[in-house]
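**Student:** Let me give you the structure first, and then I'll get to my questions.
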Amino acid sequence: MGGKHSEPKPPPSAPAPLPELNTHWRPVNWREKEEILKEVRDLKTKVEPLRILLHGPAGAGKSCFINSVQRALLGRNVISALENSADVGQSFTLSIKTHKMKKHGGGHYPFVFSDIMGLEAENGGIQIEDISKVLSGHILDGYTFNPRGTITDTDLKYKKCPKICDEVHCLVSILSADAITRLHESVIEKMRTIRQKAVEMKIPHVIVLTKVDKACEIVNKDLKKLYYSRKIKQKVEESSHKLGIPLNNIYPVKNYHAEITGDTNVDVVILMALRDIVNFANDYVEDVYESKVEQGTCRLKENYRDF
Ligand SMILES: Nc1nc2c(ncn2[C@@H]2O[C@H](COP(=O)(O)OP(=O)(O)O)[C@@H](O)[C@H]2O)c(=O)[nH]1
Ligand SMILES: [Mg+2]
């Protein structure tokens, strides 16, 4: 053998991938705001209210998302009835608070958002068992969680026989696109366990990925580039991988957080997420409970509650 052979040449370094993709990876009709609003307004629910549970790390944008939905629905600025964001990361309480969504011209939409605060508090945060009880409707609004123990059935906020309207009909994990990579493994683990509980109960589960403007400069300059951004696509894939949620159940959004005036593009991404969330919640109620009603094991009419 032998013979002269030259050193293999190192492969030419691949050019850095462009931050902007040539084609979008999800179509958006930036002019369909009014259509979505009409769809949500005309929604007929089997149960009232549909209950959407938000959970996620402190500072991920839960309160801002609720505010943004309210603002997109009303078409005007709203006074934030939410907790002070200055409390984020500090001595926040471990609690559950439910928010109704006002309708233009009076009344409320037939869905509510329950916001669980304190998922990953230093002292251990809310126990998984308590979150299961929230999912199944045993824990009423305003309960303050105890990180050292779960709720007992003698607690005033414990509902022994929850109705369908007390249960959670869609679980929404809120994660911030700019922080997903450095999220602590223990928080991811807790969120995965909660997902597992929801899956066992067949409750639909989506991720709302906030702060796309902070995660990608291109999107910060122009929100319409949202689905052309390589960075945002990577963040969506990363959250899908970390929580085990299919890509098509992940909604990147920019929340209203400092703006005073409305922005139709912000409204569109928020409303696209909302439309799917309320439809998933409604589908769940129809699928799981209509059969029970048919079997006579439960009566939907009894399931309207003014919370
Ligand atoms: N740039 C940007 N900031 C956001 C967005 N959503 C929330 N924030 C900011 O993130 C911080 C935490 O948000 P908040 O809704 O209070 O988080 P929560 O603890 O999950 O309820 C606030 O200072 C918001 O102004 C977003 O989409 N973009
Ligand atoms: Mg909050």
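Labeling convention for the structure tokens: chains A, B, ... as they appear, residues from 1 per chain, ligands from 1 in order of appearance.
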Please identify all protein, DNA and RNA residues within 8 Å of ligand 1, counting only C-alpha atoms and all ligand atoms, and report them as number ranges by chain.
**Tutor:** A: 55-65, 83-86, 88-89, 117, 174, 176, 210-214, 253-258
**Student:** Neighbouring residues of region 142-152 of chain A were defined as those with any atom within 8 Å, considering only C-alpha atoms; residues of the same chain fewer than 5 positions away were excluded. Please report them as an mmCIF file with all heavy atoms, in the first residue's frame.
**Tutor:**
data_model
loop_
_atom_site.group_PDB
_atom_site.id
_atom_site.type_symbol
_atom_site.label_atom_id
_atom_site.label_comp_id
_atom_site.auth_asym_id
_atom_site.auth_seq_id
_atom_site.Cartn_x
_atom_site.Cartn_y
_atom_site.Cartn_z
ATOM 1 N N THR A 93 -47.865 35.881 45.602
ATOM 2 C CA THR A 93 -48.654 34.871 46.308
ATOM 3 C C THR A 93 -48.914 33.680 45.395
ATOM 4 O O THR A 93 -48.947 33.814 44.177
ATOM 5 C CB THR A 93 -50.020 35.447 46.736
ATOM 6 O OG1 THR A 93 -50.569 36.103 45.607
ATOM 7 C CG2 THR A 93 -49.881 36.382 47.904
ATOM 8 N N LEU A 94 -49.104 32.525 45.992
ATOM 9 C CA LEU A 94 -49.430 31.331 45.228
ATOM 10 C C LEU A 94 -50.944 31.260 45.178
ATOM 11 O O LEU A 94 -51.571 30.811 46.128
ATOM 12 C CB LEU A 94 -48.892 30.085 45.918
ATOM 13 C CG LEU A 94 -47.429 30.099 46.363
ATOM 14 C CD1 LEU A 94 -47.077 28.794 47.043
ATOM 15 C CD2 LEU A 94 -46.528 30.327 45.176
ATOM 16 N N SER A 95 -51.517 31.766 44.107
ATOM 17 C CA SER A 95 -52.968 31.821 44.119
ATOM 18 C C SER A 95 -53.554 31.569 42.737
ATOM 19 O O SER A 95 -52.830 31.468 41.759
ATOM 20 C CB SER A 95 -53.420 33.190 44.620
ATOM 21 O OG SER A 95 -52.876 34.183 43.789
ATOM 22 N N ILE A 96 -54.878 31.473 42.717
ATOM 23 C CA ILE A 96 -55.569 31.307 41.441
ATOM 24 C C ILE A 96 -56.613 32.415 41.333
ATOM 25 O O ILE A 96 -57.373 32.654 42.266
ATOM 26 C CB ILE A 96 -56.195 29.899 41.292
ATOM 27 C CG1 ILE A 96 -56.928 29.793 39.963
ATOM 28 C CG2 ILE A 96 -57.113 29.539 42.447
ATOM 29 C CD1 ILE A 96 -57.190 28.371 39.520
ATOM 30 N N LYS A 97 -56.598 33.081 40.203
ATOM 31 C CA LYS A 97 -57.501 34.220 40.040
ATOM 32 C C LYS A 97 -58.145 34.113 38.664
ATOM 33 O O LYS A 97 -57.462 33.824 37.679
ATOM 34 C CB LYS A 97 -56.696 35.511 40.145
ATOM 35 C CG LYS A 97 -57.533 36.755 40.254
ATOM 36 C CD LYS A 97 -56.664 37.924 40.697
ATOM 37 C CE LYS A 97 -57.417 39.191 41.001
ATOM 38 N NZ LYS A 97 -58.433 39.614 40.118
ATOM 39 N N THR A 98 -59.446 34.317 38.633
ATOM 40 C CA THR A 98 -60.168 34.170 37.374
ATOM 41 C C THR A 98 -60.564 35.529 36.809
ATOM 42 O O THR A 98 -60.982 36.414 37.556
ATOM 43 C CB THR A 98 -61.394 33.262 37.595
ATOM 44 O OG1 THR A 98 -60.884 31.981 37.998
ATOM 45 C CG2 THR A 98 -62.202 33.079 36.334
ATOM 46 N N ASN A 123 -39.897 28.252 47.456
ATOM 47 C CA ASN A 123 -40.248 27.287 48.486
ATOM 48 C C ASN A 123 -40.928 26.034 47.927
ATOM 49 O O ASN A 123 -41.573 25.292 48.643
ATOM 50 C CB ASN A 123 -41.163 27.947 49.524
ATOM 51 C CG ASN A 123 -42.299 28.700 48.862
ATOM 52 O OD1 ASN A 123 -42.510 28.581 47.659
ATOM 53 N ND2 ASN A 123 -43.023 29.463 49.640
ATOM 54 N N GLY A 124 -40.828 25.831 46.624
ATOM 55 C CA GLY A 124 -41.401 24.625 46.034
ATOM 56 C C GLY A 124 -42.611 24.926 45.174
ATOM 57 O O GLY A 124 -42.972 24.150 44.310
ATOM 58 N N GLY A 125 -43.231 26.083 45.419
ATOM 59 C CA GLY A 125 -44.373 26.484 44.595
ATOM 60 C C GLY A 125 -45.592 25.605 44.818
ATOM 61 O O GLY A 125 -45.677 24.853 45.783
ATOM 62 N N ILE A 126 -46.518 25.712 43.888
ATOM 63 C CA ILE A 126 -47.773 24.968 44.019
ATOM 64 C C ILE A 126 -47.530 23.486 43.783
ATOM 65 O O ILE A 126 -46.789 23.100 42.881
ATOM 66 C CB ILE A 126 -48.784 25.487 42.981
ATOM 67 C CG1 ILE A 126 -49.019 26.987 43.205
ATOM 68 C CG2 ILE A 126 -50.093 24.727 43.039
ATOM 69 C CD1 ILE A 126 -49.839 27.642 42.129
ATOM 70 N N GLN A 127 -48.164 22.670 44.612
ATOM 71 C CA GLN A 127 -47.979 21.222 44.463
ATOM 72 C C GLN A 127 -48.807 20.686 43.292
ATOM 73 O O GLN A 127 -49.921 21.147 43.044
ATOM 74 C CB GLN A 127 -48.396 20.533 45.763
ATOM 75 C CG GLN A 127 -47.578 21.037 46.941
ATOM 76 C CD GLN A 127 -47.467 20.009 48.045
ATOM 77 O OE1 GLN A 127 -47.998 18.908 47.949
ATOM 78 N NE2 GLN A 127 -46.766 20.386 49.092
ATOM 79 N N GLU A 129 -50.427 18.022 42.974
ATOM 80 C CA GLU A 129 -51.731 17.479 43.347
ATOM 81 C C GLU A 129 -52.802 18.568 43.362
ATOM 82 O O GLU A 129 -53.949 18.343 42.972
ATOM 83 C CB GLU A 129 -51.601 16.848 44.741
ATOM 84 C CG GLU A 129 -52.583 15.726 44.963
ATOM 85 C CD GLU A 129 -52.442 15.169 46.371
ATOM 86 O OE1 GLU A 129 -51.287 14.930 46.793
ATOM 87 O OE2 GLU A 129 -53.481 14.998 47.032
ATOM 88 N N ASP A 130 -52.400 19.756 43.822
ATOM 89 C CA ASP A 130 -53.341 20.876 43.827
ATOM 90 C C ASP A 130 -53.705 21.289 42.401
ATOM 91 O O ASP A 130 -54.848 21.641 42.119
ATOM 92 C CB ASP A 130 -52.740 22.079 44.566
ATOM 93 C CG ASP A 130 -53.025 22.023 46.070
ATOM 94 O OD1 ASP A 130 -53.860 21.185 46.477
ATOM 95 O OD2 ASP A 130 -52.416 22.804 46.820
ATOM 96 N N LYS A 157 -62.685 26.910 50.051
ATOM 97 C CA LYS A 157 -62.477 27.031 48.602
ATOM 98 C C LYS A 157 -62.440 25.660 47.923
ATOM 99 O O LYS A 157 -62.055 25.559 46.760
ATOM 100 C CB LYS A 157 -61.160 27.781 48.313
ATOM 101 C CG LYS A 157 -61.178 29.230 48.740
ATOM 102 C CD LYS A 157 -61.986 30.063 47.770
ATOM 103 C CE LYS A 157 -61.941 31.537 48.162
ATOM 104 N NZ LYS A 157 -62.875 32.332 47.339
ATOM 105 N N TYR A 158 -62.751 24.620 48.676
ATOM 106 C CA TYR A 158 -62.765 23.273 48.084
ATOM 107 C C TYR A 158 -64.189 22.916 47.681
ATOM 108 O O TYR A 158 -65.117 22.997 48.500
ATOM 109 C CB TYR A 158 -62.231 22.244 49.079
ATOM 110 C CG TYR A 158 -62.084 20.869 48.468
ATOM 111 C CD1 TYR A 158 -60.926 20.511 47.798
ATOM 112 C CD2 TYR A 158 -63.126 19.937 48.547
ATOM 113 C CE1 TYR A 158 -60.801 19.258 47.208
ATOM 114 C CE2 TYR A 158 -63.012 18.681 47.963
ATOM 115 C CZ TYR A 158 -61.842 18.350 47.297
ATOM 116 O OH TYR A 158 -61.723 17.113 46.712
#
**Student:** Kindly assemble as CSV a list of the region 199-249 of chain A residues that lie within 10 Å of region 266-273 of chain A, each paired with its nearest atom pair and their distance in Å to one decimal, using only C-alpha atoms, sorted first by chain and then by ascending residue number.
**Tutor:**
residue,atom,partner,partner_atom,distance
A:Val206,CA,A:Ala273,CA,9.2
A:Ile207,CA,A:Ala273,CA,9.4
A:Val208,CA,A:Ala273,CA,7.5
A:Thr210,CA,A:Ile270,CA,10.0
A:Leu223,CA,A:Val266,CA,7.5
A:Lys224,CA,A:Val266,CA,9.3
A:Leu226,CA,A:Val269,CA,9.3
A:Asn249,CA,A:Ala273,CA,9.2
**Student:** What is the CA of Ile188 (chain A) to CA of Ser239 (chain A) distance in Å?
**Tutor:**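 That distance, rounded to one decimal, is 9.6 Å.
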**Student:** Do a neighbour search on Glu20 (chain A) at 7 Å with only C-alpha atoms, toss out local chain neighbours closer than 5 positions, and write the hits as number ranges by chain.
**Tutor:** A: 228-230
**Student:** Applying 7 Å and only C-alpha atoms, which residues near Pro110 (chain A) remain after dropping the ones on its own chain fewer than 4 positions away? List them as a CSV table (one decimal) with C-alpha atoms, in the first residue's frame.
**Tutor:**
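selection.csv, freshly written:
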chain,number,residue,atom,x,y,z
A,48,GLU,CA,-70.7,28.6,30.6
A,49,PRO,CA,-68.1,29.7,31.2
A,50,LEU,CA,-65.5,27.8,29.3
**Student:** What gap, in Å, lies between CA of Pro17 (chain A) and CA of Cys216 (chain A)?
**Tutor:**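 Rounded to one decimal, the two atoms are 14.6 Å apart.
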